[in-house]
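Enquirer: Before we start, here is the structure in question, set down as structure tokens.
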Amino acid sequence: MKKITIIIPAYNEQDSLPFLYERIEKLINSIENYEFEILFVNDGSKDKTIELIKEYRKKDSRISYVDFSRNFGKEIAMIAGLDYAKGDAVIFMDADLQDPPELIPEMIKYWEEGYDDVYAQRKSRKGETFLKKFTSKMYYKVLQTLTNVEIQKDTGDFRLLDRRCVNALKKLRESQRCSKSMFSWIGYNKKAIFYDRDPRIAGQTKWNYRKLINLAIDGITSFTTSPLRISTYIAIPTFMALFIYFIYVIAKCIVTGVVIQAFQATILLILFFSGIQILLFGIVGEYLGRIFNETKNRPLYLIKEYNDIKETNED
Ligand code: UDP
Ligand code: MG
């Protein structure tokens, strides 16, 4: 029998978990011919999340869990899920039931037809503000313009991945992760299915705009070096303008014999160029920071426990 692992990153989800477990259990009991593993990654929750998971595991042997030593963020929780998943395929799902489990049979159907990555694309996003919808739309646009790899629109992490995608993703061990672009980068046969995204069932969203902006910057810089080229694009016309202006000033001096008093222009120019320089250094710093983080070569996460077994960090 084929095994499917449902990976659920959870951070302070004590209010959602009872709903989630009930709905997933009902669904997977109704699917025959497949074995399921429900793998929770407890991302350093400060509430009763891990206690609940352990309780479920006592009753239901299909449940596994990885317990992080602290909060590492959803992206890292996802790679930990891939590391510990035992299935022939995995499905990523949020803990707040924004990703309806009822889509799973359709995902499995396409997987059996030979697709490696069956991703759920949102038709609508209920319960999200206009600003969030707008910014996420703009973000996709920018990301797509900057890269050669096709990015899936209106798609989150809710998807089924075949084992070969899982193994491929496990090879990408950079510390600043952007799963969205990694799913695109690995390629393989992709298939979209469509759904309406529900509002979260309980509890609070863990995202704020600061986190989202960080994720967006990570996404762009981890995926492409083309922002480095932006600096070139800005620099070329700037230097041409500078050159033309210089010729103009010299020529005017020669023709009229008047030394132009251009202190205002000078101030403007200084501001302009220092502005550009700051921008360019910012971009360089961005990549430098990434190199710094990657060269530290730390493990992506540390765990306290995997399925009741204490981690000692000994090899
Ligand atoms: N999450 C996590 N670690 C974090 C933040 C979030 O594992 O640091 C999980 C969270 O428990 C949920 C999923 O990631 O299962 C999506 O989070 P959330 O619903 O808060 O994000 P939103 O749906 O609002 O984008
Ligand atoms: Mg959510």
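How things are named: the first chain in the structure tokens is A, the next is B, and so on; residues count from 1 in each chain; ligands count from 1 in the order shown.
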For range 157-160 of chain A, please output as a PyMOL selection string all residues within 8 Å (counting only C-alpha atoms; exclusion window: fewer than 2 positions along the same chain).

Expert: chain A and resi 89-94+99+107-108+111+116-120+155+162+179-180

Enquirer: Just write the chosen residues, all heavy atoms, as a compact mmCIF listing (two decimals), in the first residue's frame.

Expert:
# COMPACT_ATOMS: atom_id res chain seq x y z
N ALA A 89 4.46 9.99 -1.02
CA ALA A 89 4.13 11.36 -1.42
C ALA A 89 3.88 12.13 -0.13
O ALA A 89 3.60 11.54 0.91
CB ALA A 89 2.87 11.38 -2.28
N VAL A 90 4.03 13.45 -0.19
CA VAL A 90 3.69 14.26 0.97
C VAL A 90 2.68 15.32 0.56
O VAL A 90 2.60 15.70 -0.61
CB VAL A 90 4.92 14.97 1.60
CG1 VAL A 90 6.03 13.99 1.91
CG2 VAL A 90 5.42 16.10 0.72
N ILE A 91 1.90 15.76 1.54
CA ILE A 91 0.98 16.88 1.32
C ILE A 91 1.26 17.91 2.40
O ILE A 91 1.26 17.58 3.58
CB ILE A 91 -0.48 16.40 1.39
CG1 ILE A 91 -0.78 15.43 0.26
CG2 ILE A 91 -1.43 17.60 1.33
CD1 ILE A 91 -2.13 14.76 0.34
N PHE A 92 1.54 19.14 2.00
CA PHE A 92 1.70 20.22 2.98
C PHE A 92 0.34 20.81 3.28
O PHE A 92 -0.45 21.06 2.37
CB PHE A 92 2.58 21.34 2.42
CG PHE A 92 4.04 21.02 2.45
CD1 PHE A 92 4.76 20.92 1.28
CD2 PHE A 92 4.69 20.86 3.66
CE1 PHE A 92 6.12 20.64 1.31
CE2 PHE A 92 6.05 20.58 3.70
CZ PHE A 92 6.77 20.47 2.53
N MET A 93 0.10 21.03 4.56
CA MET A 93 -1.19 21.63 4.91
C MET A 93 -1.01 22.54 6.11
O MET A 93 -0.28 22.21 7.05
CB MET A 93 -2.17 20.52 5.24
CG MET A 93 -3.60 20.96 5.31
SD MET A 93 -4.64 19.61 5.82
CE MET A 93 -4.71 18.70 4.34
N ASP A 94 -1.69 23.69 6.12
CA ASP A 94 -1.65 24.57 7.28
C ASP A 94 -2.51 23.99 8.40
O ASP A 94 -3.45 23.25 8.14
CB ASP A 94 -2.17 25.97 6.92
CG ASP A 94 -1.14 26.79 6.17
OD1 ASP A 94 -0.04 26.26 5.93
OD2 ASP A 94 -1.45 27.94 5.82
N ASP A 99 -6.51 25.38 4.30
CA ASP A 99 -6.35 24.45 3.18
C ASP A 99 -7.31 23.29 3.42
O ASP A 99 -7.07 22.46 4.28
CB ASP A 99 -4.92 23.91 3.14
CG ASP A 99 -3.89 25.01 3.14
OD1 ASP A 99 -4.17 26.07 2.55
OD2 ASP A 99 -2.81 24.81 3.71
N MET A 107 -6.10 15.46 -5.33
CA MET A 107 -4.65 15.50 -5.47
C MET A 107 -4.11 14.10 -5.74
O MET A 107 -3.27 13.89 -6.62
CB MET A 107 -4.01 16.04 -4.19
CG MET A 107 -4.22 17.52 -3.97
SD MET A 107 -3.46 18.04 -2.44
CE MET A 107 -3.48 19.81 -2.64
N ILE A 108 -4.62 13.13 -4.98
CA ILE A 108 -4.14 11.75 -5.14
C ILE A 108 -4.48 11.24 -6.54
O ILE A 108 -3.67 10.57 -7.18
CB ILE A 108 -4.77 10.84 -4.06
CG1 ILE A 108 -4.28 11.28 -2.68
CG2 ILE A 108 -4.42 9.39 -4.32
CD1 ILE A 108 -4.95 10.54 -1.53
N TRP A 111 -1.98 12.56 -8.87
CA TRP A 111 -0.69 11.93 -8.57
C TRP A 111 -0.64 10.56 -9.24
O TRP A 111 0.34 10.20 -9.89
CB TRP A 111 -0.54 11.80 -7.05
CG TRP A 111 0.70 11.10 -6.60
CD1 TRP A 111 1.97 11.30 -7.05
CD2 TRP A 111 0.80 10.09 -5.59
NE1 TRP A 111 2.85 10.49 -6.39
CE2 TRP A 111 2.15 9.73 -5.48
CE3 TRP A 111 -0.13 9.44 -4.75
CZ2 TRP A 111 2.61 8.76 -4.58
CZ3 TRP A 111 0.31 8.51 -3.86
CH2 TRP A 111 1.67 8.17 -3.77
N ASP A 116 3.72 14.97 -10.53
CA ASP A 116 4.61 14.92 -9.37
C ASP A 116 4.29 16.00 -8.35
O ASP A 116 4.67 15.90 -7.20
CB ASP A 116 6.06 15.14 -9.81
CG ASP A 116 6.47 14.12 -10.84
OD1 ASP A 116 6.50 12.93 -10.49
OD2 ASP A 116 6.75 14.51 -12.00
N ASP A 117 3.67 17.07 -8.82
CA ASP A 117 3.42 18.22 -7.95
C ASP A 117 2.02 18.73 -8.25
O ASP A 117 1.79 19.43 -9.23
CB ASP A 117 4.49 19.29 -8.25
CG ASP A 117 4.27 20.58 -7.45
OD1 ASP A 117 3.28 20.66 -6.71
OD2 ASP A 117 5.10 21.49 -7.59
N VAL A 118 1.07 18.33 -7.43
CA VAL A 118 -0.31 18.77 -7.63
C VAL A 118 -0.58 19.89 -6.63
O VAL A 118 -0.66 19.66 -5.44
CB VAL A 118 -1.31 17.61 -7.38
CG1 VAL A 118 -2.72 18.06 -7.76
CG2 VAL A 118 -0.91 16.38 -8.17
N TYR A 119 -0.64 21.12 -7.14
CA TYR A 119 -0.76 22.25 -6.23
C TYR A 119 -2.14 22.89 -6.29
O TYR A 119 -2.80 22.90 -7.33
CB TYR A 119 0.32 23.31 -6.50
CG TYR A 119 0.29 23.89 -7.89
CD1 TYR A 119 -0.38 25.09 -8.15
CD2 TYR A 119 0.94 23.27 -8.94
CE1 TYR A 119 -0.40 25.64 -9.42
CE2 TYR A 119 0.93 23.80 -10.21
CZ TYR A 119 0.26 24.99 -10.44
OH TYR A 119 0.24 25.53 -11.70
N ALA A 120 -2.57 23.38 -5.14
CA ALA A 120 -3.90 23.97 -5.05
C ALA A 120 -3.81 25.46 -5.30
O ALA A 120 -3.07 26.17 -4.64
CB ALA A 120 -4.48 23.70 -3.67
N THR A 155 -0.84 30.59 -5.41
CA THR A 155 -0.60 29.27 -4.87
C THR A 155 0.18 29.40 -3.58
O THR A 155 1.14 30.15 -3.51
CB THR A 155 0.20 28.45 -5.89
OG1 THR A 155 -0.48 28.47 -7.13
CG2 THR A 155 0.37 27.02 -5.42
N ASP A 162 5.33 14.27 -5.05
CA ASP A 162 5.81 12.90 -5.17
C ASP A 162 7.17 12.76 -4.47
O ASP A 162 7.89 13.74 -4.29
CB ASP A 162 5.97 12.56 -6.66
CG ASP A 162 6.41 11.13 -6.85
OD1 ASP A 162 5.57 10.23 -6.62
OD2 ASP A 162 7.58 10.90 -7.21
N SER A 179 10.00 28.43 -0.11
CA SER A 179 9.49 27.19 -0.70
C SER A 179 8.82 27.44 -2.04
O SER A 179 8.96 26.66 -2.97
CB SER A 179 8.48 26.55 0.23
OG SER A 179 9.11 26.21 1.43
N LYS A 180 8.09 28.56 -2.09
CA LYS A 180 7.36 28.87 -3.31
C LYS A 180 8.28 28.80 -4.53
O LYS A 180 7.96 28.18 -5.53
CB LYS A 180 6.79 30.28 -3.19
CG LYS A 180 5.51 30.45 -3.91
CD LYS A 180 4.86 31.76 -3.51
CE LYS A 180 4.46 31.79 -2.10
NZ LYS A 180 3.27 32.06 -1.54

Enquirer: Identify all residues of range 68-266 of chain A in helix (DSSP H, G or I) (DSSP on the backbone) and supply them as a compact mmCIF listing (two decimals) with N, CA and C atoms, in the first residue's frame.

Expert:
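Ended up saving to part_37.txt:
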# COMPACT_ATOMS: atom_id res chain seq x y z
N LYS A 74 7.94 28.94 9.56
CA LYS A 74 7.23 27.93 8.78
C LYS A 74 8.10 27.27 7.71
N GLU A 75 8.92 28.07 7.05
CA GLU A 75 9.75 27.52 5.97
C GLU A 75 10.63 26.39 6.49
N ILE A 76 11.23 26.61 7.65
CA ILE A 76 12.12 25.61 8.23
C ILE A 76 11.31 24.41 8.71
N ALA A 77 10.13 24.70 9.26
CA ALA A 77 9.25 23.60 9.69
C ALA A 77 8.91 22.70 8.50
N MET A 78 8.78 23.31 7.33
CA MET A 78 8.44 22.53 6.14
C MET A 78 9.57 21.59 5.73
N ILE A 79 10.80 22.08 5.75
CA ILE A 79 11.92 21.20 5.36
C ILE A 79 12.10 20.09 6.39
N ALA A 80 11.86 20.41 7.67
CA ALA A 80 11.93 19.36 8.69
C ALA A 80 10.88 18.30 8.41
N GLY A 81 9.71 18.75 7.99
CA GLY A 81 8.65 17.81 7.62
C GLY A 81 9.11 16.89 6.50
N LEU A 82 9.76 17.45 5.50
CA LEU A 82 10.26 16.62 4.39
C LEU A 82 11.31 15.64 4.89
N ASP A 83 12.17 16.11 5.81
CA ASP A 83 13.23 15.23 6.32
C ASP A 83 12.67 14.01 7.04
N TYR A 84 11.56 14.20 7.76
CA TYR A 84 11.04 13.11 8.59
C TYR A 84 9.89 12.35 7.94
N PRO A 101 -8.90 19.90 3.67
CA PRO A 101 -8.41 18.53 3.47
C PRO A 101 -9.21 17.78 2.40
N GLU A 102 -10.43 18.24 2.17
CA GLU A 102 -11.29 17.55 1.21
C GLU A 102 -10.73 17.55 -0.21
N LEU A 103 -9.68 18.36 -0.44
CA LEU A 103 -9.07 18.38 -1.76
C LEU A 103 -8.11 17.21 -1.98
N ILE A 104 -7.78 16.52 -0.90
CA ILE A 104 -6.75 15.48 -0.97
C ILE A 104 -7.08 14.36 -1.98
N PRO A 105 -8.33 13.87 -2.00
CA PRO A 105 -8.61 12.81 -2.99
C PRO A 105 -8.32 13.24 -4.42
N GLU A 106 -8.63 14.50 -4.74
CA GLU A 106 -8.35 14.99 -6.09
C GLU A 106 -6.84 15.04 -6.35
N MET A 107 -6.10 15.46 -5.33
CA MET A 107 -4.65 15.50 -5.47
C MET A 107 -4.11 14.10 -5.74
N ILE A 108 -4.62 13.13 -4.98
CA ILE A 108 -4.14 11.75 -5.14
C ILE A 108 -4.48 11.24 -6.54
N LYS A 109 -5.65 11.62 -7.01
CA LYS A 109 -6.08 11.17 -8.34
C LYS A 109 -5.05 11.61 -9.40
N TYR A 110 -4.67 12.90 -9.35
CA TYR A 110 -3.71 13.39 -10.34
C TYR A 110 -2.33 12.80 -10.12
N TRP A 111 -1.98 12.56 -8.87
CA TRP A 111 -0.69 11.93 -8.57
C TRP A 111 -0.64 10.56 -9.24
N GLU A 112 -1.74 9.81 -9.13
CA GLU A 112 -1.80 8.49 -9.74
C GLU A 112 -1.74 8.58 -11.26
N PHE A 130 -8.05 43.59 1.75
CA PHE A 130 -7.73 44.02 0.39
C PHE A 130 -6.22 44.22 0.24
N LEU A 131 -5.63 44.83 1.28
CA LEU A 131 -4.20 45.15 1.21
C LEU A 131 -3.37 43.89 1.07
N LYS A 132 -3.75 42.84 1.82
CA LYS A 132 -2.98 41.59 1.75
C LYS A 132 -3.11 40.96 0.36
N LYS A 133 -4.34 40.98 -0.18
CA LYS A 133 -4.54 40.41 -1.51
C LYS A 133 -3.72 41.17 -2.54
N PHE A 134 -3.79 42.50 -2.43
CA PHE A 134 -3.12 43.36 -3.40
C PHE A 134 -1.60 43.15 -3.33
N THR A 135 -1.05 43.17 -2.11
CA THR A 135 0.40 43.05 -2.00
C THR A 135 0.86 41.68 -2.49
N SER A 136 0.08 40.64 -2.21
CA SER A 136 0.54 39.32 -2.65
C SER A 136 0.50 39.22 -4.17
N LYS A 137 -0.49 39.90 -4.77
CA LYS A 137 -0.57 39.90 -6.23
C LYS A 137 0.65 40.62 -6.84
N MET A 138 0.97 41.77 -6.26
CA MET A 138 2.11 42.53 -6.75
C MET A 138 3.40 41.73 -6.59
N TYR A 139 3.49 41.03 -5.46
CA TYR A 139 4.69 40.25 -5.19
C TYR A 139 4.91 39.17 -6.26
N TYR A 140 3.83 38.46 -6.61
CA TYR A 140 3.96 37.46 -7.66
C TYR A 140 4.43 38.09 -8.96
N LYS A 141 3.85 39.26 -9.28
CA LYS A 141 4.21 39.95 -10.52
C LYS A 141 5.70 40.25 -10.54
N VAL A 142 6.19 40.84 -9.45
CA VAL A 142 7.61 41.22 -9.38
C VAL A 142 8.49 39.97 -9.48
N LEU A 143 8.16 38.96 -8.70
CA LEU A 143 8.95 37.73 -8.68
C LEU A 143 9.02 37.11 -10.07
N GLN A 144 7.84 37.11 -10.75
CA GLN A 144 7.80 36.51 -12.08
C GLN A 144 8.63 37.30 -13.09
N THR A 145 8.56 38.64 -12.98
CA THR A 145 9.31 39.47 -13.92
C THR A 145 10.81 39.25 -13.76
N LEU A 146 11.22 39.01 -12.53
CA LEU A 146 12.65 38.93 -12.26
C LEU A 146 13.26 37.57 -12.58
N ARG A 163 7.51 11.54 -4.12
CA ARG A 163 8.78 11.28 -3.42
C ARG A 163 9.99 11.88 -4.15
N ARG A 164 9.95 11.86 -5.49
CA ARG A 164 11.15 12.41 -6.15
C ARG A 164 11.27 13.92 -5.99
N CYS A 165 10.13 14.61 -5.84
CA CYS A 165 10.19 16.04 -5.52
C CYS A 165 10.69 16.22 -4.09
N VAL A 166 10.22 15.36 -3.19
CA VAL A 166 10.63 15.45 -1.79
C VAL A 166 12.15 15.30 -1.71
N ASN A 167 12.66 14.28 -2.37
CA ASN A 167 14.12 14.06 -2.33
C ASN A 167 14.88 15.22 -2.97
N ALA A 168 14.29 15.78 -4.03
CA ALA A 168 14.94 16.93 -4.67
C ALA A 168 14.97 18.11 -3.70
N LEU A 169 13.84 18.38 -3.06
CA LEU A 169 13.77 19.53 -2.14
C LEU A 169 14.70 19.35 -0.94
N LYS A 170 14.88 18.10 -0.52
CA LYS A 170 15.78 17.84 0.61
C LYS A 170 17.23 18.18 0.28
N LYS A 171 17.52 18.24 -1.01
CA LYS A 171 18.88 18.59 -1.41
C LYS A 171 19.12 20.10 -1.36
N SER A 179 10.00 28.43 -0.11
CA SER A 179 9.49 27.19 -0.70
C SER A 179 8.82 27.44 -2.04
N LYS A 180 8.09 28.56 -2.09
CA LYS A 180 7.36 28.87 -3.31
C LYS A 180 8.28 28.80 -4.53
N SER A 181 9.42 29.44 -4.43
CA SER A 181 10.31 29.44 -5.59
C SER A 181 11.02 28.10 -5.73
N MET A 182 11.22 27.38 -4.63
CA MET A 182 11.85 26.07 -4.74
C MET A 182 10.96 25.08 -5.47
N PHE A 183 9.65 25.14 -5.18
CA PHE A 183 8.73 24.25 -5.88
C PHE A 183 8.81 24.49 -7.38
N SER A 184 8.94 25.75 -7.76
CA SER A 184 9.05 26.05 -9.19
C SER A 184 10.39 25.57 -9.72
N TRP A 185 11.42 25.81 -8.94
CA TRP A 185 12.79 25.55 -9.41
C TRP A 185 13.01 24.06 -9.71
N ILE A 186 12.45 23.17 -8.87
CA ILE A 186 12.72 21.75 -9.09
C ILE A 186 12.05 21.21 -10.35
N TYR A 209 3.15 42.34 8.70
CA TYR A 209 3.74 42.86 7.46
C TYR A 209 5.26 42.81 7.46
N ARG A 210 5.85 42.90 8.67
CA ARG A 210 7.31 42.85 8.71
C ARG A 210 7.78 41.46 8.23
N LYS A 211 7.11 40.41 8.74
CA LYS A 211 7.48 39.05 8.34
C LYS A 211 7.26 38.84 6.84
N LEU A 212 6.13 39.41 6.35
CA LEU A 212 5.82 39.21 4.94
C LEU A 212 6.83 39.91 4.04
N ILE A 213 7.24 41.12 4.45
CA ILE A 213 8.23 41.85 3.64
C ILE A 213 9.55 41.09 3.65
N ASN A 214 9.93 40.57 4.84
CA ASN A 214 11.15 39.77 4.89
C ASN A 214 11.07 38.56 3.98
N LEU A 215 9.93 37.91 4.01
CA LEU A 215 9.75 36.72 3.17
C LEU A 215 9.86 37.10 1.70
N ALA A 216 9.27 38.24 1.35
CA ALA A 216 9.30 38.68 -0.04
C ALA A 216 10.73 38.96 -0.49
N ILE A 217 11.50 39.64 0.36
CA ILE A 217 12.88 39.96 -0.01
C ILE A 217 13.71 38.67 -0.11
N ASP A 218 13.52 37.77 0.86
CA ASP A 218 14.20 36.47 0.80
C ASP A 218 13.83 35.74 -0.48
N GLY A 219 12.56 35.80 -0.81
CA GLY A 219 12.10 35.09 -1.99
C GLY A 219 12.81 35.58 -3.23
N ILE A 220 12.88 36.88 -3.39
CA ILE A 220 13.50 37.43 -4.59
C ILE A 220 15.00 37.18 -4.60
N THR A 221 15.67 37.48 -3.49
CA THR A 221 17.13 37.36 -3.51
C THR A 221 17.60 35.92 -3.50
N SER A 222 16.77 34.98 -3.00
CA SER A 222 17.24 33.60 -3.00
C SER A 222 17.02 32.96 -4.36
N PHE A 223 16.23 33.61 -5.15
CA PHE A 223 15.83 32.98 -6.39
C PHE A 223 16.61 33.50 -7.58
N SER A 226 19.11 38.88 -10.34
CA SER A 226 18.85 40.02 -11.21
C SER A 226 18.75 41.37 -10.49
N PRO A 227 18.39 41.43 -9.21
CA PRO A 227 18.49 42.75 -8.55
C PRO A 227 19.89 43.33 -8.63
N LEU A 228 20.90 42.46 -8.69
CA LEU A 228 22.26 42.97 -8.87
C LEU A 228 22.38 43.70 -10.19
N ARG A 229 21.64 43.20 -11.18
CA ARG A 229 21.71 43.82 -12.50
C ARG A 229 20.97 45.15 -12.54
N ILE A 230 19.96 45.28 -11.67
CA ILE A 230 19.25 46.56 -11.61
C ILE A 230 20.24 47.68 -11.39
N SER A 231 21.23 47.41 -10.54
CA SER A 231 22.22 48.45 -10.26
C SER A 231 22.93 48.88 -11.53
N THR A 232 23.23 47.91 -12.39
CA THR A 232 23.87 48.24 -13.66
C THR A 232 22.94 49.08 -14.52
N TYR A 233 21.68 48.65 -14.56
CA TYR A 233 20.71 49.38 -15.37
C TYR A 233 20.56 50.82 -14.91
N ILE A 234 20.61 51.03 -13.61
CA ILE A 234 20.49 52.40 -13.11
C ILE A 234 21.78 53.17 -13.38
N ALA A 235 22.89 52.48 -13.22
CA ALA A 235 24.18 53.15 -13.31
C ALA A 235 24.48 53.65 -14.73
N ILE A 236 24.13 52.87 -15.75
CA ILE A 236 24.49 53.25 -17.12
C ILE A 236 23.88 54.60 -17.53
N PRO A 237 22.54 54.77 -17.49
CA PRO A 237 21.98 56.08 -17.86
C PRO A 237 22.47 57.21 -16.95
N THR A 238 22.73 56.88 -15.70
CA THR A 238 23.20 57.90 -14.78
C THR A 238 24.54 58.45 -15.24
N PHE A 239 25.43 57.56 -15.60
CA PHE A 239 26.75 58.00 -16.04
C PHE A 239 26.69 58.70 -17.40
N MET A 240 25.77 58.25 -18.25
CA MET A 240 25.59 58.94 -19.54
C MET A 240 25.12 60.37 -19.30
N ALA A 241 24.15 60.53 -18.41
CA ALA A 241 23.63 61.86 -18.08
C ALA A 241 24.73 62.74 -17.51
N LEU A 242 25.51 62.14 -16.66
CA LEU A 242 26.61 62.85 -16.04
C LEU A 242 27.59 63.35 -17.10
N PHE A 243 27.92 62.48 -18.03
CA PHE A 243 28.87 62.78 -19.09
C PHE A 243 28.36 63.92 -19.97
N ILE A 244 27.07 63.81 -20.35
CA ILE A 244 26.47 64.84 -21.20
C ILE A 244 26.45 66.19 -20.48
N TYR A 245 26.07 66.15 -19.22
CA TYR A 245 26.02 67.37 -18.43
C TYR A 245 27.40 68.01 -18.33
N PHE A 246 28.41 67.19 -18.18
CA PHE A 246 29.79 67.65 -18.05
C PHE A 246 30.24 68.36 -19.33
N ILE A 247 29.95 67.72 -20.48
CA ILE A 247 30.28 68.32 -21.78
C ILE A 247 29.60 69.68 -21.92
N TYR A 248 28.27 69.70 -21.53
CA TYR A 248 27.47 70.91 -21.63
C TYR A 248 28.10 72.04 -20.82
N VAL A 249 28.52 71.73 -19.60
CA VAL A 249 29.10 72.75 -18.73
C VAL A 249 30.39 73.31 -19.33
N ILE A 250 31.25 72.41 -19.79
CA ILE A 250 32.52 72.83 -20.38
C ILE A 250 32.28 73.70 -21.61
N ALA A 251 31.36 73.21 -22.47
CA ALA A 251 31.07 73.92 -23.72
C ALA A 251 30.54 75.32 -23.42
N LYS A 252 29.64 75.43 -22.43
CA LYS A 252 29.05 76.71 -22.08
C LYS A 252 30.13 77.69 -21.59
N CYS A 253 31.04 77.17 -20.79
CA CYS A 253 32.15 77.99 -20.30
C CYS A 253 32.98 78.54 -21.45
N ILE A 254 33.27 77.64 -22.40
CA ILE A 254 34.12 78.05 -23.53
C ILE A 254 33.40 79.09 -24.39
N VAL A 255 32.12 78.84 -24.70
CA VAL A 255 31.37 79.71 -25.62
C VAL A 255 31.07 81.06 -24.99
N THR A 256 30.49 81.07 -23.78
CA THR A 256 30.06 82.34 -23.17
C THR A 256 31.14 82.98 -22.31
N PHE A 263 25.79 76.05 -7.50
CA PHE A 263 25.85 75.35 -6.21
C PHE A 263 24.59 74.55 -5.92
N GLN A 264 23.43 75.10 -6.40
CA GLN A 264 22.19 74.34 -6.16
C GLN A 264 22.20 73.03 -6.94
N ALA A 265 22.60 73.14 -8.18
CA ALA A 265 22.70 71.93 -8.99
C ALA A 265 23.67 70.95 -8.36
N THR A 266 24.76 71.49 -7.81
CA THR A 266 25.75 70.62 -7.19
C THR A 266 25.15 69.86 -6.01

Enquirer: Which residues are near ligand 1 in this structure, taking near to mean any atom at most 10 Å from a ligand atom and counting only C-alpha atoms and all ligand atoms? Format them as JSON, numbers by chain.

Expert: {"A": [7, 8, 9, 10, 11, 12, 13, 14, 16, 17, 40, 41, 42, 43, 44, 45, 49, 70, 71, 72, 73, 74, 75, 76, 77, 78, 92, 93, 94, 95, 96, 97, 98, 99, 127, 128, 132, 156, 157, 197, 198, 199, 200, 201, 202, 203, 204, 205, 206, 207, 208, 211, 212]}

Enquirer: Give the strand (DSSP E) residues of range 56-208 of chain A, as DSSP finds them on the backbone, and put them as JSON, numbers by chain.

Expert: {"A": [63, 64, 65, 66, 67, 68, 89, 90, 91, 92, 117, 118, 119, 120, 121, 122, 123, 124, 125, 155, 156, 157, 158, 159, 160, 161, 162, 190, 191, 192, 193, 194, 195, 196, 197]}

Enquirer: Between A:Gly275, A:Pro100, A:Gly282, A:Gly257, single out the one closest to ligand 2, counting only C-alpha atoms and all ligand atoms.

Expert: A:Pro100

Enquirer: Using only C-alpha atoms, pick whichever of A:Asn313, A:Ser61, A:Gln121, A:Asn33 has the shortest atom-to-atom distance to Phe194 in chain A.

Expert: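 Going through A:Asn313, A:Ser61, A:Gln121, A:Asn33 one by one, the smallest distance to Phe194 in chain A is for A:Gln121.
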
Enquirer: Hey, what's within 10 Å of Arg298 in chain A if we count only C-alpha atoms and toss same-chain stuff fewer than 5 positions away? As number ranges by chain, please?

Expert: A: 174-175, 293
